[in-house]
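What follows is a short report on a single structure.
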Amino acid sequence: MKENQIAGFFKGIGNAFGLIGTAFSKGDWKTKLSFIIMGFGSIMRKQFARGIAFLAVEILYIWYIVSFGASYLVKFGSLGTVATHEEPAYFNGIEIGKTTVFGDNSFLILLFSVMTLFITVLFIIIWYINVKNNYESQLKLEAGKELPSNKQDLSSLLDHNFDKTLLSIPVLGVFMFVVVPIVFMILVAFTNYDATHQPPTNLFTWVGFENFKNLLSIGGSGFGSTFFTILIWTLVWAFFATFLNYFGGMAVAILINKKGIKFKKLWRTILVMTIAVPQFVSLLYIGKMFAKDGLINGYLMKWGWIDSAIPFWTDPLLAKITIIIINVWVGIPYVMLITTGLLMNIPEDLYESARIDGANPFQMFMKITLPYMLFVTGPYLLTSFTGNLNNFNVIYLLTTGSPLSTELTGGAGRTDLLITWLYKLTVNDTNYRMAAVIGIMVFVVTAVISLVVYNILPSVKDEEGFQ
Amino acid sequence: MTSKKKISNAITYVVLVLISIIWLFPFVCLVLQSFRSYNEMGGGMVDYIIPKKFSLDSYKFLFDPSSNFISWYKNTLIISVFVTIGQTIFVLCTSYVLSRMRFKGRELLMRFWLILGMFPGFLSMICLYFLLKQFGLTQEGAVPGLILISVASSGMGYYICKGFFDTLPKALDEAARIDGATRAQIFFGMIIPLAKPIIIYQALVAFMGPWCDYVFASYVASGTSASYNVAVGLQRWLFTGDYQGYFTRFCAGGVLVAVPVTILFMCLQKYYVEGVTGGAVKG
Amino acid sequence: MKKRVLALAMSTAMIASVLTACGGGKDTPAQDTNNAADNTAAANNTATDNNAPAENNAADNNAADNTAADNQTMDFGSGEIKIWVPDAVTGVTQTLADSFFSEHPEMAGYTVKIEPMGEGDAAGKVIMDVEAAPDLYAFAQDQMARLVAAGALTTISGDYATFVQDSNDSGAAAAAKVGNEVYAFPLTSDNGYFLYYDKSVVTDPSSLEQIVADCEAAGKNFYFDTGSWYQTAFFFGAGCELTFDTDEDGNFTGINNTYASENGLKAMKAIRQMSESKIYMDGSSVGDAVNWAAIVDGTWDSSSAKEVLGENYACAKLPSFTVDGETFQLGGFGGFKLMGVKPQAEAGKLVVCLELAKYLSDTDAQLTRFNEVGWGPSNVKAQEDPAVQGDEALSALREQLQYTVPQGQYPGEYWSEADALGETICGGNFKGYTDEQLMTELEAFAAKMDALVQ
């Protein structure tokens with residue numbers, strides 16, 4: 001299926017070149033001139049709306065490249081060569097210090113180059129559409145058919161072409177504020193952009209795969225052992241965070257759903273508070289509660305239950321356990337909400353006949369409830385797992401990744417996930433080169449897991465499997 | 001049989017009460033601390049729950065203009081309202097098209113967005129900052145900047161809404177088209193009124209987002225106090241060393257943030273449940 | 001099908017117009033350094049050379065040089081000067097800035113905008129985007145090398161350098177330099193730590209063991225941060241050394257490191273011993289401390305400490321600690337807070353910034369801040385003021401300062417690695433380690449430090 005798509009893509013490109021060739025050899029002078037002056041043919045054929053739109057695109061593109069894009073694109077290879085330097089500054093004839101003469105800004109060169117490249121690709125596509133459109137109009141006229149009028153063109157935007165009207169701005173938004181930044185950061189992984197190569201005062205440049213080597217190099221100041229330690233913890237965490245919450249939430253939902261239990265709505269509302277109250281309030285407070293000098297330890301000691309404070313956050317293993325348990329507090333309400341409705345969908349007679357067969361509640365859960373739930377909520381489990389791989393809030397608000405350890409480099413702590421480590425490298429150390437590499441790794445991990453799980457999910461394989 | 005059932009029900013009640021206590025405990029503490037008098041330990045941390053002296057000191061401090069809290073609150077409200085409107089529109093447009101219309105590249109687009117979503121958002125923070133800076137939307141302009149970013153990229157969050165549209169029978173559309181209605185007329189006149197529950201869900205989620213955003217918001221505001229939202233402002237009181245004795249004030253601020261969001265959430269809970277349940281099943 | 005073209009074309013026109021916003025919307029006046037660096041501005045000027053505005057500036061400067069004779073009419077320019085200082089002194093700074101401009105009407109073209117930003121956070125935010133950074137900002141000394149390496153501080157020369165060197169105590173004057181260049185104006189000499197304690201609990205503040213014992217007896221907590229900045233109290237106190245040499249660009253060129261030694265081992269054992277007490281807490285801020293009778297903290301928390309302890313408030317130099325029968329006085333860093341000026345592209349604004357920074361760090365300003373918020377002056381004249389001399393917390397700090405090492409420049413990795421070392425010890429990870437095992441850890445730490453020097 002995927003390969004077909006890729007093959008189709010290349011076939012499409014091949015066809016496009018073919019069409020350009022035919023249009024150039026068989027086109028009349030209007031079509032040919034449209035190769036250079038976009039929309040020329042359309043205007044000549046009285047399709048002013050689309051003709052002017054094409055022309056406007058061409059003019060805007062040329063204006064953009066000349067006045068803005070080209071000056072960055074030419075420096076893309078080196079990311080700038082003119083260094084910032086200081087010059088003695090004179091004021092009223094006296095030397096008072098040094099003014100700074102700014103040179104090239106590697107960051108902006110890279111950013112605007114990426115943007116210019118994207119715009120150029122887009123322009124080429126539009127140019128191709130322009131050629132195709134002109135040629136097809138020509139063929140239509142030659143065949144004696146009528147061309148759509150301007151009014152038809154415009155009103156189609158609310159009908160057949162309503163998809164373009166609705167999608168254009170959201171797609172553009174994603175391109176501008178998601179795609180461009182991601183491509184930019186992927187490129188940063190191949191540069192030496194860090195605290196000592198910080199624009200505008202310093203230049204940064206391409207370094208090839210050096211950062212990837214650093215990430216995988218074990219020993220010395222290499223990130224290797226830290227990376228693998230954190231990666232393993234990230235996976236362990238995501239596993240527990242997902243499944244403990246899943247079973248916990250389902251258990252609570254079953255409890256509340258139980259026949260004869262009153263105030264169902266009240267119990268649910270109480271639990272749902274955790275979703276409604278912003279996490280930066282609740283989790284920051286809970287983090288303090290579990291501190292060595294916090295409420296929990298304070299009371300336990302006052303009551304004489306423990307002699308010395310439990311090191312919830314300072315002991316590496318205990319910190320991991322605590323964080324998983326607190327995450328149960330965060331996660332159970334979501335699962336409870338989701339599963340409540342689904343549990344009620346299970347036909348009651350299934351249980352009834354099981355009961356007649358003498359099954360106990362646990363057996364009924366294992367044989368009826370769980371298979372059904374796993375089947376229906378398979379996609380949820382997958383998104384929840386990948387979400388937990390990147391669960392920044394819970395980790396950062398509770399521990400900020402602490403406790404730190406002499407065995408880890410790059411400022412990482414024992415409870416850091418890849419995502420919080422990435423954040424720390426970005427914000428505390430401005431080590432963008434390594435942050436970018438780790439970001440790519442997070443993507444690889446997420447993508448691999450999604451792909452594998454997606455392919456074994458029963459509900460994807462066989463939509464009608466469970467009846 | 002009935003006595004056995006009674007015992008089992010009694011146990012269930014005990015468990016539910018215990019769960020409720022655990023779940024409410026942090027919030028009760030938070031509220032109590034927010035009413036602690038500033039004269040008691042200078043507003044710092046304590047290891048007991050019930051304050052020795054109740055007062056409104058912390059709230060008075062928050063409503064004093066010098067604390068900037070009111071302007072942070074206002075910023076958050078502005079961001080929330082605009083993000084709610086923008087995101088809801090964007091998501092509705094995208095989901096409708098992806099659910100109802102078939103065009104070349106549809107599959108490709110959906111797959112591409114799925115892959116994009118696997119990149120961690122923090123990765124591109126620095127780049128977004130400089131992009132916004134080109135438009136003058138950082139620091140003093142952080143509020144519109146945050147709105148722009150949240151809205152612009154929201155098309156990718158179409159899954160749940162599209163899932164909802166998929167459940168609306170296609171026959172409706174077809175009947176209307178036979179009657180000569182255009183796509184736009186179907187969208188505005190028929191689909192949107194039917195989509196009320198999912199619109200409310202989408203709006204609720206969008207509205208709650210900005211109240212929790214402290215990472216990117218702090219990045220974009222970059223030290224301009226007037227552009228902070230409540231999350232950035234409040235978490236600075238706890239995370240940065242210069243604010244001694246701001247703990248009770250943090251609690252009070254937290255309460256003021258939590259109350260409206262919680263009330264709104266409770267009122268619209270029904271729609272939220274519909275949304276997440278639908279989303280969980282369809283993925 | 002074909003009509004799709006139109007929509008696509010229109011949407012492109014839309015991006016293009018969005019893009020033009022970033023190409024053309026930047027010609028606002030009152031741009032400072034941005035103009036030169038900002039290539040969009042260059043695009044506006046239709047000059048292909050990005051440096052054109054900056055070069056024009058340089059040309060202006062030369063012109064100023066040539067017409068030095070009739071310079072009284074020289075214009076300082078106008079615009080906004082942005083300042084970052086900690087929240088506690090925003091009000092004081094505003095007042096001082098106002099009086100500066102009323103004394104210098106010729107510079108009144110500038111307005112001042114003050115934002116609260118802690119000295120610890122400022123550097124990170126400044127480095128992220130130097131262009132958008134404030135023109136003046138206060139920062140703690142440990143951030144200095146990082147700021148210089150990122151090009152976020154202008155060099156201070158001539159009369160201003162002389163002012164910095166002559167009017168401050170020797171430690172502060174040295175702290176303002178990286179290599180041989182002066183980079184900042186000292187604001188305080190109080191960036192050190194000492195002991196606040198509860199008179200009714202602690203009987204003898206001169207011995208660490210006694211403090212711990214008294215607190216244990218009273219069931220009160222004892223706070224001593226073992227993070228990078230505070231843990232040197234043990235290591236330096238035991239006689240270890242760890243200093244770095246830098247060149248003018250903020251690169252680290254040399255190291256003097258004796259952590260992996262018998263003395264280092266003793267310091268480490270002392271930290272471990274202290275952290276094993278059940279009343280020991282790892283922390284250094286009064287606001288976060290709970291139920292405490294003693295805390296190692298700095299002058300910035302003196303008012304909170306007074307508030308909490310009430311009439312039992314007392315402070316003293318750091319105690320001594322005993323390990324393996326040997327007693328050492330706790331040492332540590334004597335540090336400074338500084339005000340830096342961001343690199344400027346215009347000479348006129350540079351003068352105003354330098355003058356303002358000088359004013360804000362001069363005797364009167366330091367005394368004002370002392371009176372308002374209790375910051376200990378670095379200015380020698382201000383230090384002689386009787387009120388400063390009589391301040392309890394500052395006296396404790398002064399007493400402690402004779403045991404401390406003036407804080408020099410340290411690479412960022414030192415701070416994070418040493419934080420990790422402290423948390424590792426306090427987390428009980430070295431519990432029951434033999435001397436040999438501890439020595440291995442110390443050697444590993446020392447080796448990491450050595451590796452930071454190219």
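Quick note on naming: the chains in the structure tokens go A, B, ... in the order shown, residues restart at 1 in each chain, and ligands are numbered from 1 in order of appearance.
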
Selection near range 112-124 of chain B, 7 Å with only C-alpha atoms, sequence-local residues under 2 positions removed, as a ChimeraX atom specification: /A:181-182,185,423,436,439,442-443,446-447 /B:108-110,126-128,156

Residues of the last selection are to be written out with all heavy atoms, as a CSV table (one decimal), in the first residue's frame.
```csv
chain,number,residue,atom,x,y,z
A,181,PRO,N,9.4,25.0,11.0
A,181,PRO,CA,10.3,24.9,12.2
A,181,PRO,C,10.9,23.4,12.3
A,181,PRO,O,12.0,23.3,12.7
A,181,PRO,CB,9.3,25.1,13.3
A,181,PRO,CG,8.3,26.0,12.7
A,181,PRO,CD,8.1,25.6,11.3
A,182,ILE,N,10.1,22.4,12.0
A,182,ILE,CA,10.6,21.1,12.1
A,182,ILE,C,11.8,20.8,11.2
A,182,ILE,O,12.9,20.3,11.6
A,182,ILE,CB,9.5,20.0,12.0
A,182,ILE,CG1,8.6,20.0,13.2
A,182,ILE,CG2,10.1,18.6,11.8
A,182,ILE,CD1,7.5,19.1,13.1
A,185,MET,N,14.8,22.6,12.5
A,185,MET,CA,15.4,22.0,13.7
A,185,MET,C,16.2,20.7,13.2
A,185,MET,O,17.2,20.3,13.8
A,185,MET,CB,14.4,21.7,14.8
A,185,MET,CG,14.0,22.9,15.5
A,185,MET,SD,15.3,24.0,16.0
A,185,MET,CE,16.1,23.1,17.3
A,423,TYR,N,14.1,19.6,26.7
A,423,TYR,CA,13.7,21.0,27.2
A,423,TYR,C,14.8,21.6,28.0
A,423,TYR,O,15.2,22.8,27.8
A,423,TYR,CB,12.5,20.8,28.1
A,423,TYR,CG,12.1,22.1,28.7
A,423,TYR,CD1,11.3,23.1,28.1
A,423,TYR,CD2,12.4,22.3,30.1
A,423,TYR,CE1,11.0,24.3,28.7
A,423,TYR,CE2,12.1,23.5,30.7
A,423,TYR,CZ,11.4,24.5,30.0
A,423,TYR,OH,11.0,25.6,30.6
A,436,ALA,N,18.3,19.2,19.2
A,436,ALA,CA,17.8,18.8,17.9
A,436,ALA,C,18.0,17.3,17.6
A,436,ALA,O,17.0,16.6,17.2
A,436,ALA,CB,18.4,19.6,16.8
A,439,GLY,N,15.6,15.4,19.8
A,439,GLY,CA,14.3,15.6,19.2
A,439,GLY,C,14.0,14.6,18.1
A,439,GLY,O,13.0,13.9,18.0
A,442,VAL,N,13.5,11.2,19.6
A,442,VAL,CA,12.1,11.1,20.1
A,442,VAL,C,11.2,10.7,19.0
A,442,VAL,O,10.4,9.8,19.1
A,442,VAL,CB,11.7,12.4,20.8
A,442,VAL,CG1,10.2,12.3,21.1
A,442,VAL,CG2,12.5,12.6,22.0
A,443,PHE,N,11.4,11.4,17.8
A,443,PHE,CA,10.5,11.1,16.7
A,443,PHE,C,10.7,9.6,16.3
A,443,PHE,O,9.7,8.9,16.0
A,443,PHE,CB,10.9,12.0,15.5
A,443,PHE,CG,10.3,11.6,14.2
A,443,PHE,CD1,8.9,11.7,14.0
A,443,PHE,CD2,11.1,11.0,13.3
A,443,PHE,CE1,8.4,11.3,12.8
A,443,PHE,CE2,10.6,10.6,12.1
A,443,PHE,CZ,9.2,10.7,11.8
A,446,THR,N,9.0,7.3,18.7
A,446,THR,CA,7.6,7.3,18.6
A,446,THR,C,7.1,6.7,17.3
A,446,THR,O,6.1,5.9,17.3
A,446,THR,CB,7.1,8.8,18.6
A,446,THR,OG1,7.8,9.5,19.6
A,446,THR,CG2,5.6,8.9,18.9
A,447,ALA,N,7.8,7.0,16.2
A,447,ALA,CA,7.3,6.4,15.0
A,447,ALA,C,7.4,4.9,14.9
A,447,ALA,O,6.5,4.2,14.5
A,447,ALA,CB,8.2,7.1,13.8
B,108,LEU,N,-2.5,11.4,1.5
B,108,LEU,CA,-1.1,11.9,1.7
B,108,LEU,C,-1.1,12.9,2.8
B,108,LEU,O,-0.2,12.9,3.7
B,108,LEU,CB,-0.6,12.4,0.4
B,108,LEU,CG,0.9,12.6,0.3
B,108,LEU,CD1,1.5,11.2,0.1
B,108,LEU,CD2,1.3,13.4,-0.9
B,109,LEU,N,-2.0,13.9,2.8
B,109,LEU,CA,-2.1,14.9,3.7
B,109,LEU,C,-2.3,14.4,5.1
B,109,LEU,O,-1.6,14.7,6.1
B,109,LEU,CB,-3.2,15.9,3.4
B,109,LEU,CG,-3.3,17.1,4.3
B,109,LEU,CD1,-2.2,18.1,4.0
B,109,LEU,CD2,-4.7,17.8,4.2
B,110,MET,N,-3.2,13.4,5.3
B,110,MET,CA,-3.5,12.9,6.6
B,110,MET,C,-2.3,12.1,7.1
B,110,MET,O,-2.0,12.2,8.3
B,110,MET,CB,-4.7,12.0,6.5
B,110,MET,CG,-6.0,12.8,6.5
B,110,MET,SD,-7.5,11.9,6.0
B,110,MET,CE,-7.6,10.7,7.2
B,126,ILE,N,12.5,27.2,19.7
B,126,ILE,CA,13.4,28.3,19.5
B,126,ILE,C,13.1,28.9,18.1
B,126,ILE,O,13.1,30.1,17.9
B,126,ILE,CB,14.8,27.9,19.6
B,126,ILE,CG1,15.8,29.0,19.3
B,126,ILE,CG2,15.2,26.7,18.8
B,126,ILE,CD1,16.0,30.0,20.3
B,127,CYS,N,12.8,28.0,17.2
B,127,CYS,CA,12.5,28.5,15.8
B,127,CYS,C,11.2,29.3,15.7
B,127,CYS,O,11.1,30.3,15.1
B,127,CYS,CB,12.4,27.3,14.9
B,127,CYS,SG,12.2,27.7,13.2
B,128,LEU,N,10.2,28.8,16.4
B,128,LEU,CA,8.9,29.5,16.5
B,128,LEU,C,9.1,30.9,17.1
B,128,LEU,O,8.5,31.9,16.7
B,128,LEU,CB,7.9,28.7,17.3
B,128,LEU,CG,7.3,27.5,16.5
B,128,LEU,CD1,6.3,26.8,17.5
B,128,LEU,CD2,6.5,28.0,15.3
B,156,MET,N,-4.1,20.3,12.5
B,156,MET,CA,-3.6,19.0,12.7
B,156,MET,C,-4.5,18.2,13.7
B,156,MET,O,-4.4,17.0,13.8
B,156,MET,CB,-2.2,19.0,13.1
B,156,MET,CG,-1.2,19.2,12.0
B,156,MET,SD,0.4,19.5,12.5
B,156,MET,CE,0.9,18.0,13.2
```

Could the residues of chain C that have an atom at most 6 Å from chain B be listed as a tab-separated table, each with its closest atom pair and the distance in Å to one decimal, counting only C-alpha atoms and ordered by chain and ascending residue number?
```
residue	atom	partner	partner_atom	distance
C:Cys22	CA	B:Phe135	CA	5.6
C:Gly287	CA	B:Gly44	CA	4.4
C:Asp288	CA	B:Met45	CA	5.2
C:Val290	CA	B:Val46	CA	5.2
C:Val308	CA	B:Met41	CA	5.0
```

Using the selection just defined, write its residues with all heavy atoms as a compact mmCIF listing (two decimals), in the first residue's frame.
```txt
# COMPACT_ATOMS: atom_id res chain seq x y z
N CYS C 22 6.68 40.04 6.86
CA CYS C 22 7.95 39.98 7.56
C CYS C 22 9.05 40.66 6.77
O CYS C 22 10.07 41.01 7.29
CB CYS C 22 8.31 38.56 7.96
SG CYS C 22 8.85 37.54 6.62
N GLY C 287 11.93 30.90 52.07
CA GLY C 287 10.53 30.78 51.67
C GLY C 287 10.07 29.35 51.51
O GLY C 287 8.90 29.04 51.69
N ASP C 288 10.99 28.45 51.14
CA ASP C 288 10.62 27.06 50.94
C ASP C 288 10.92 26.20 52.16
O ASP C 288 10.56 25.03 52.19
CB ASP C 288 11.37 26.46 49.74
CG ASP C 288 10.90 27.07 48.44
OD1 ASP C 288 9.78 27.61 48.42
OD2 ASP C 288 11.66 27.01 47.47
N VAL C 290 10.83 24.60 55.82
CA VAL C 290 9.71 24.26 56.69
C VAL C 290 10.24 23.92 58.08
O VAL C 290 11.20 23.16 58.20
CB VAL C 290 8.96 23.04 56.12
CG1 VAL C 290 7.87 22.60 57.06
CG2 VAL C 290 8.39 23.35 54.75
N VAL C 308 10.21 34.99 59.97
CA VAL C 308 9.90 33.64 60.44
C VAL C 308 10.38 33.43 61.88
O VAL C 308 9.66 32.89 62.71
CB VAL C 308 10.52 32.59 59.50
CG1 VAL C 308 10.35 31.20 60.08
CG2 VAL C 308 9.89 32.67 58.13
```

Restrict the distance test to only C-alpha atoms, flag each residue of chain A within 6 Å of chain B, and return the flagged residues as a PDB file with N, CA and C atoms, in the first residue's frame.
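The file below, iface-v5.pdb, is the result:
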```pdb
ATOM      1  N   LEU A 158     -17.056  27.681  -3.481  1.00  0.00           N
ATOM      2  CA  LEU A 158     -17.996  27.365  -2.409  1.00  0.00           C
ATOM      3  C   LEU A 158     -18.667  26.025  -2.651  1.00  0.00           C
ATOM      4  N   ASP A 159     -18.316  25.385  -3.791  1.00  0.00           N
ATOM      5  CA  ASP A 159     -18.974  24.110  -4.071  1.00  0.00           C
ATOM      6  C   ASP A 159     -17.968  22.981  -4.321  1.00  0.00           C
ATOM      7  N   ASP A 163     -13.315  22.334  -0.668  1.00  0.00           N
ATOM      8  CA  ASP A 163     -12.212  21.782   0.121  1.00  0.00           C
ATOM      9  C   ASP A 163     -11.010  22.708   0.113  1.00  0.00           C
ATOM     10  N   LEU A 166     -11.686  25.733   2.371  1.00  0.00           N
ATOM     11  CA  LEU A 166     -11.616  25.454   3.812  1.00  0.00           C
ATOM     12  C   LEU A 166     -10.214  25.058   4.246  1.00  0.00           C
ATOM     13  N   LEU A 167      -9.520  24.320   3.399  1.00  0.00           N
ATOM     14  CA  LEU A 167      -8.231  23.766   3.841  1.00  0.00           C
ATOM     15  C   LEU A 167      -7.065  24.728   3.685  1.00  0.00           C
ATOM     16  N   PRO A 170      -5.766  26.493   7.055  1.00  0.00           N
ATOM     17  CA  PRO A 170      -5.175  25.546   8.010  1.00  0.00           C
ATOM     18  C   PRO A 170      -3.911  24.876   7.493  1.00  0.00           C
ATOM     19  N   GLY A 173      -1.104  27.324   7.600  1.00  0.00           N
ATOM     20  CA  GLY A 173      -0.683  27.529   8.991  1.00  0.00           C
ATOM     21  C   GLY A 173       0.229  26.423   9.440  1.00  0.00           C
ATOM     22  N   VAL A 174      -0.154  25.188   9.120  1.00  0.00           N
ATOM     23  CA  VAL A 174       0.686  24.057   9.529  1.00  0.00           C
ATOM     24  C   VAL A 174       2.046  24.138   8.840  1.00  0.00           C
ATOM     25  N   PRO A 181       9.447  25.015  10.973  1.00  0.00           N
ATOM     26  CA  PRO A 181      10.272  24.850  12.181  1.00  0.00           C
ATOM     27  C   PRO A 181      10.866  23.448  12.334  1.00  0.00           C
ATOM     28  N   ILE A 182      10.101  22.425  11.972  1.00  0.00           N
ATOM     29  CA  ILE A 182      10.640  21.076  12.145  1.00  0.00           C
ATOM     30  C   ILE A 182      11.804  20.846  11.183  1.00  0.00           C
ATOM     31  N   ALA A 276      -9.899  19.148  35.325  1.00  0.00           N
ATOM     32  CA  ALA A 276     -10.298  20.545  35.192  1.00  0.00           C
ATOM     33  C   ALA A 276      -9.265  21.505  35.770  1.00  0.00           C
ATOM     34  N   VAL A 277      -8.653  21.139  36.894  1.00  0.00           N
ATOM     35  CA  VAL A 277      -7.693  22.049  37.520  1.00  0.00           C
ATOM     36  C   VAL A 277      -6.378  21.989  36.741  1.00  0.00           C
ATOM     37  N   PRO A 278      -5.883  23.150  36.300  1.00  0.00           N
ATOM     38  CA  PRO A 278      -4.649  23.146  35.512  1.00  0.00           C
ATOM     39  C   PRO A 278      -3.515  22.414  36.236  1.00  0.00           C
ATOM     40  N   VAL A 281      -0.873  23.963  38.553  1.00  0.00           N
ATOM     41  CA  VAL A 281      -1.270  24.248  39.936  1.00  0.00           C
ATOM     42  C   VAL A 281      -1.216  22.971  40.762  1.00  0.00           C
ATOM     43  N   GLY A 294       8.071  18.015  53.239  1.00  0.00           N
ATOM     44  CA  GLY A 294       6.697  18.345  52.855  1.00  0.00           C
ATOM     45  C   GLY A 294       5.653  17.802  53.814  1.00  0.00           C
ATOM     46  N   LEU A 295       4.404  18.015  53.418  1.00  0.00           N
ATOM     47  CA  LEU A 295       3.258  17.635  54.243  1.00  0.00           C
ATOM     48  C   LEU A 295       3.240  16.164  54.622  1.00  0.00           C
ATOM     49  N   GLY A 298       5.893  15.197  56.942  1.00  0.00           N
ATOM     50  CA  GLY A 298       5.639  15.904  58.190  1.00  0.00           C
ATOM     51  C   GLY A 298       4.611  15.173  59.048  1.00  0.00           C
ATOM     52  N   ILE A 338     -13.562   7.635  29.886  1.00  0.00           N
ATOM     53  CA  ILE A 338     -13.650   6.959  28.598  1.00  0.00           C
ATOM     54  C   ILE A 338     -14.340   5.611  28.746  1.00  0.00           C
ATOM     55  N   VAL A 376     -11.826  -2.323  21.801  1.00  0.00           N
ATOM     56  CA  VAL A 376     -12.373  -1.003  21.455  1.00  0.00           C
ATOM     57  C   VAL A 376     -11.391   0.118  21.742  1.00  0.00           C
ATOM     58  N   THR A 377     -10.617  -0.012  22.811  1.00  0.00           N
ATOM     59  CA  THR A 377      -9.763   1.115  23.187  1.00  0.00           C
ATOM     60  C   THR A 377      -8.335   0.934  22.704  1.00  0.00           C
ATOM     61  N   PRO A 379      -6.816   1.867  19.938  1.00  0.00           N
ATOM     62  CA  PRO A 379      -6.229   3.121  19.475  1.00  0.00           C
ATOM     63  C   PRO A 379      -5.915   4.070  20.629  1.00  0.00           C
ATOM     64  N   TYR A 380      -6.786   4.081  21.644  1.00  0.00           N
ATOM     65  CA  TYR A 380      -6.529   4.963  22.777  1.00  0.00           C
ATOM     66  C   TYR A 380      -5.237   4.559  23.478  1.00  0.00           C
ATOM     67  N   GLY A 439      15.592  15.425  19.756  1.00  0.00           N
ATOM     68  CA  GLY A 439      14.254  15.556  19.195  1.00  0.00           C
ATOM     69  C   GLY A 439      14.033  14.571  18.058  1.00  0.00           C
ATOM     70  N   PHE A 443      11.366  11.386  17.843  1.00  0.00           N
ATOM     71  CA  PHE A 443      10.524  11.093  16.686  1.00  0.00           C
ATOM     72  C   PHE A 443      10.705   9.638  16.252  1.00  0.00           C
TER      73      PHE A 443
END
```

Surrounding residues of Asp245 in chain C excluding itself and chain neighbours under 4 positions, 7 Å, only C-alpha atoms, as a list in words: Phe252, Thr253, Gly254 and Ile255 of chain C

Residues flagged helix (DSSP H, G or I) by DSSP in range 213-310 of chain C, as JSON, numbers by chain: {"C": [213, 214, 215, 216, 217, 218, 228, 229, 230, 231, 232, 233, 234, 235, 236, 237, 262, 263, 264, 265, 266, 267, 268, 269, 270, 271, 272, 273, 274, 275, 299, 300, 301, 302, 303, 304, 305, 306, 307, 308, 309, 310]}

Pick from A:Thr234, A:Gln363, A:Thr100, A:Ser25, whichever lies nearest to chain C using only C-alpha atoms: A:Thr100
